[in-house]
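Participant: After the structure tokens below, expect a handful of questions from me.
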Amino acid sequence: MEALGRRVVVDSLTSEKYLRVASISVAFYDYVITLPAEWRFYRSQSSIFHISLACTLFILIRYISIMAIVISNYGFFSTSYTLQTCQRYYLVAPAFKAIQTMVSQAILGIRAFNIARRDRRIGIILLLLYLLSTSAEWFSDMFHRTPVVYDGNCTSGDSGKVLSTWFYYLAVLVYDIVMVTISTVHLLRYNPLSKQLIRVLIYDGIGYLIVLSAANVLNLILYRTTNIYTQSAGASVGYALTWIMSQRILINIRGMSEPNAQRFENVIVARPTLTAQKKVMSGLRSQFESKSHSKGSSGSKNPVDAGLRAKSPRDSNDMELGIHVRVERSVMVDYREESEQSSSWTK
């Protein structure tokens with residue numbers, strides 16, 4: 001019977017290893033592909049001492065999540081812990097999990113408050129719900145925790161007579177449902193079929209709810225069991241998905257709300273040398289002068305200047321051409337050094 005129980009533990013730990021490795025891989029991949037978005041967040045700030053709320057939340061959810069994943073998986077994959085040393089470590093990962101959840105729920109709550117047009121009554125309700133939810137999460141996450149050591153690793157489990165850690169995920173689930181529901185109800189009043197930003201906000205909220213609800217339900221089920229060796233099997237998955245979905249909300253909102261969201265295109269323009277400019281202008285001047293003299297015009301000593309001089313808007317000879325200008329794309333101009341292209345201007 002003891003051998004059978006040990007085999008069950010080994011099998012569950014093997015499955016947990018696969019889940020943790022998969023979650024680390026997904027989180028690392030998402031970190032790499034969102035580095036450009038992180039740079040755009042930093043570049044858009046007016047000063048390092050005046051960082052916007054969105055950028056602050058982005059930094060917090062990004063790097064607190066990394067700390068939570070590293071701390072949790074270091075304890076699990078370690079082989080040198082004893083019960084005594086694990087006593088000083090086993091609560092660190094649950095604490096970072098609660099902090100990560102607080103940041104994620106703050107993102108969702110501020111998003112709902114802004115979507116509700118910053119209504120004061122709704123804001124007070126959201127704040128009270130946030131404080132109530134985070135208080136319940138901290139209590140249920142840290143209460144009755146016990147260190148779990150197996151083959152030198154260190155994790156935490158819930159071994160109390162009344163299991164309470166599962167209530168942490170229930171509180172998170174309820175909070176997410178309430179926030180996404182409030183946001184979606186207000187967004188539907190904006191006629192989302194005609195506004196791309198509104199559609200993105202709705203899809204982000206629903207996607208956030210579906211993905212994180214699946215992770216929270218998985219962990220809720222695991223922590224409802226009495227096997228302390230398998231309770232934390234889905235913890236790393238929850239860390240990774242909370243991180244990815246929360247920062248995606250911030251990235252998408254920033255991307256859709258940029259006033260100049262067009263992509264820039266690099267165009268190289270050669271800058272002529274001063275000598276080349278003189279040659280070009282003198283060539284143009286001689287052509288205009290020869291034509292003007294052939295027609296017997298003598299009204300100006302500098303026909304080029306006369307031809308290029310802007311006319312007064314009150315001039316009776318002006319006419320409107322009926323041309324409408326529309327900017328199709330924005331470009332970034334990069335000037336080459338004059339030595340590179342001066343010969344092309346002198347031809």
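Chains: A, B, ... in order of the structure tokens. Residues: from 1 per chain. Ligands: from 1, in order shown.
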Using only C-alpha atoms, determine which residues lie at most 6 Å from segment 102-115 of chain A, disregarding the query and same-chain residues fewer than 4 positions distant; provide the list as a compact mmCIF listing (two decimals) with all heavy atoms, in the first residue's frame.
Facilitator:
# COMPACT_ATOMS: atom_id res chain seq x y z
N GLY A 123 -17.12 53.69 -9.11
CA GLY A 123 -15.75 53.64 -8.61
C GLY A 123 -15.67 53.21 -7.16
O GLY A 123 -14.79 52.42 -6.77
N SER A 183 -17.74 45.81 -17.20
CA SER A 183 -17.10 46.40 -18.38
C SER A 183 -17.89 46.11 -19.64
O SER A 183 -18.14 47.00 -20.46
CB SER A 183 -15.67 45.87 -18.52
OG SER A 183 -14.89 46.15 -17.37
N SER A 246 -3.03 39.73 -18.42
CA SER A 246 -3.09 41.07 -17.83
C SER A 246 -2.29 42.07 -18.65
O SER A 246 -2.76 43.18 -18.94
CB SER A 246 -2.56 41.03 -16.39
OG SER A 246 -3.34 40.18 -15.58
Participant: Name the residues in contact with Tyr168 of chain A at a cut-off of 6 Å, using only C-alpha atoms, excluding same-chain residues fewer than 6 positions from it; report them as a PyMOL selection string.
Facilitator: chain A and resi 137+140-141
Participant: With C-alpha atoms retained, could you export that selection as a JSON list (two decimals), in the first residue's frame?
Facilitator:
[["chain", "number", "residue", "atom", "x", "y", "z"],
["A", 137, "GLU", "CA", -7.35, 36.21, -0.99],
["A", 140, "SER", "CA", -7.14, 32.13, 2.39],
["A", 141, "ASP", "CA", -3.78, 31.95, 0.60]]
Participant: What does the distance from atom CA of Ile210 of chain A to atom CA of Thr14 of chain A come to in Å, to one decimal?
Facilitator: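 Spanning atom CA of Ile210 of chain A to atom CA of Thr14 of chain A is a straight-line distance of 27.0 Å.
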Participant: Skip Ile244 of chain A itself and residues of its chain fewer than 3 positions away, then list as a list in words all residues within 8 Å of it, counting only C-alpha atoms.
Facilitator: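 What passes the distance filter is Ala27, Asp30, Ala240, Leu241, Gln247 and Arg248 of chain A.
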Participant: Near His144 of chain A, counting only C-alpha atoms, which residues have an atom at most 8 Å away, once you skip same-chain residues fewer than 6 positions from it, shown as a list of chain:residue names?
Facilitator: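 Residues near the query, excluding close chain neighbours: A:Asp158, A:Ser159, A:Gly160, A:Leu163, A:Ser164.
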Participant: Export all heavy atoms of the chosen residues as a PDB file, in the first residue's frame?
Facilitator:
ATOM      1  N   ASP A 158      -1.840  22.804   1.670  1.00  0.00           N
ATOM      2  CA  ASP A 158      -2.892  23.117   2.625  1.00  0.00           C
ATOM      3  C   ASP A 158      -3.291  21.813   3.306  1.00  0.00           C
ATOM      4  O   ASP A 158      -3.940  20.960   2.701  1.00  0.00           O
ATOM      5  CB  ASP A 158      -4.082  23.740   1.898  1.00  0.00           C
ATOM      6  CG  ASP A 158      -5.184  24.179   2.861  1.00  0.00           C
ATOM      7  OD1 ASP A 158      -4.981  24.035   4.078  1.00  0.00           O
ATOM      8  OD2 ASP A 158      -6.216  24.679   2.384  1.00  0.00           O
ATOM      9  N   SER A 159      -2.885  21.684   4.565  1.00  0.00           N
ATOM     10  CA  SER A 159      -3.124  20.425   5.278  1.00  0.00           C
ATOM     11  C   SER A 159      -4.033  20.599   6.479  1.00  0.00           C
ATOM     12  O   SER A 159      -4.052  19.760   7.385  1.00  0.00           O
ATOM     13  CB  SER A 159      -1.780  19.826   5.738  1.00  0.00           C
ATOM     14  OG  SER A 159      -1.119  20.721   6.620  1.00  0.00           O
ATOM     15  N   GLY A 160      -4.771  21.709   6.530  1.00  0.00           N
ATOM     16  CA  GLY A 160      -5.653  21.930   7.666  1.00  0.00           C
ATOM     17  C   GLY A 160      -6.869  21.019   7.639  1.00  0.00           C
ATOM     18  O   GLY A 160      -7.182  20.376   6.636  1.00  0.00           O
ATOM     19  N   LEU A 163      -9.913  22.771   4.547  1.00  0.00           N
ATOM     20  CA  LEU A 163      -9.098  23.306   3.466  1.00  0.00           C
ATOM     21  C   LEU A 163      -9.599  24.701   3.089  1.00  0.00           C
ATOM     22  O   LEU A 163     -10.798  24.914   2.873  1.00  0.00           O
ATOM     23  CB  LEU A 163      -9.159  22.377   2.251  1.00  0.00           C
ATOM     24  CG  LEU A 163      -8.648  20.946   2.479  1.00  0.00           C
ATOM     25  CD1 LEU A 163      -8.830  20.117   1.216  1.00  0.00           C
ATOM     26  CD2 LEU A 163      -7.187  20.950   2.911  1.00  0.00           C
ATOM     27  N   SER A 164      -8.668  25.644   3.010  1.00  0.00           N
ATOM     28  CA  SER A 164      -9.072  27.033   2.755  1.00  0.00           C
ATOM     29  C   SER A 164      -8.434  27.655   1.524  1.00  0.00           C
ATOM     30  O   SER A 164      -8.924  28.656   1.025  1.00  0.00           O
ATOM     31  CB  SER A 164      -8.723  27.895   3.986  1.00  0.00           C
ATOM     32  OG  SER A 164      -7.324  27.851   4.238  1.00  0.00           O
TER      33      SER A 164
END
Participant: Using only C-alpha atoms, determine which residues lie at most 10 Å from Ala95 of chain A, disregarding the query and same-chain residues fewer than 6 positions distant; provide the list as a list of chain:residue names.
Facilitator: A:Ala68, A:Thr101, A:Trp138, A:Asp141, A:Met142
Participant: Could you please determine the separation between atom CA of Ile61 of chain A and atom CA of Ile249 of chain A in Å, to one decimal place?
Facilitator: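 That distance, rounded to one decimal, is 11.3 Å.
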Participant: From the list A:Ala136, A:Ile198, A:Gly152, A:Thr242, which residue is nearest Thr85 of chain A when using only C-alpha atoms?
Facilitator: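 Using only C-alpha atoms, Thr85 of chain A sits closest to A:Gly152.
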Participant: Please compute the atom CA of Ser133 of chain A-atom CA of Cys154 of chain A distance, one decimal, in Å.
Facilitator: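 These atoms are spaced 28.0 Å apart.
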Participant: Hey, which bits of segment 210-263 of chain A sit within 9 Å of segment 169-175 of chain A, and for each residue what's the closest pair of atoms and how far apart in Å (one decimal), counting only C-alpha atoms, rows by chain and increasing number, as JSON lines?
Facilitator:
{"residue": "A:Leu212", "atom": "CA", "partner": "A:Leu173", "partner_atom": "CA", "distance": 8.0}
{"residue": "A:Ser213", "atom": "CA", "partner": "A:Leu173", "partner_atom": "CA", "distance": 6.2}
{"residue": "A:Asn216", "atom": "CA", "partner": "A:Tyr169", "partner_atom": "CA", "distance": 5.5}
{"residue": "A:Val217", "atom": "CA", "partner": "A:Tyr169", "partner_atom": "CA", "distance": 7.3}
{"residue": "A:Asn219", "atom": "CA", "partner": "A:Tyr169", "partner_atom": "CA", "distance": 7.0}
{"residue": "A:Leu220", "atom": "CA", "partner": "A:Tyr169", "partner_atom": "CA", "distance": 5.7}
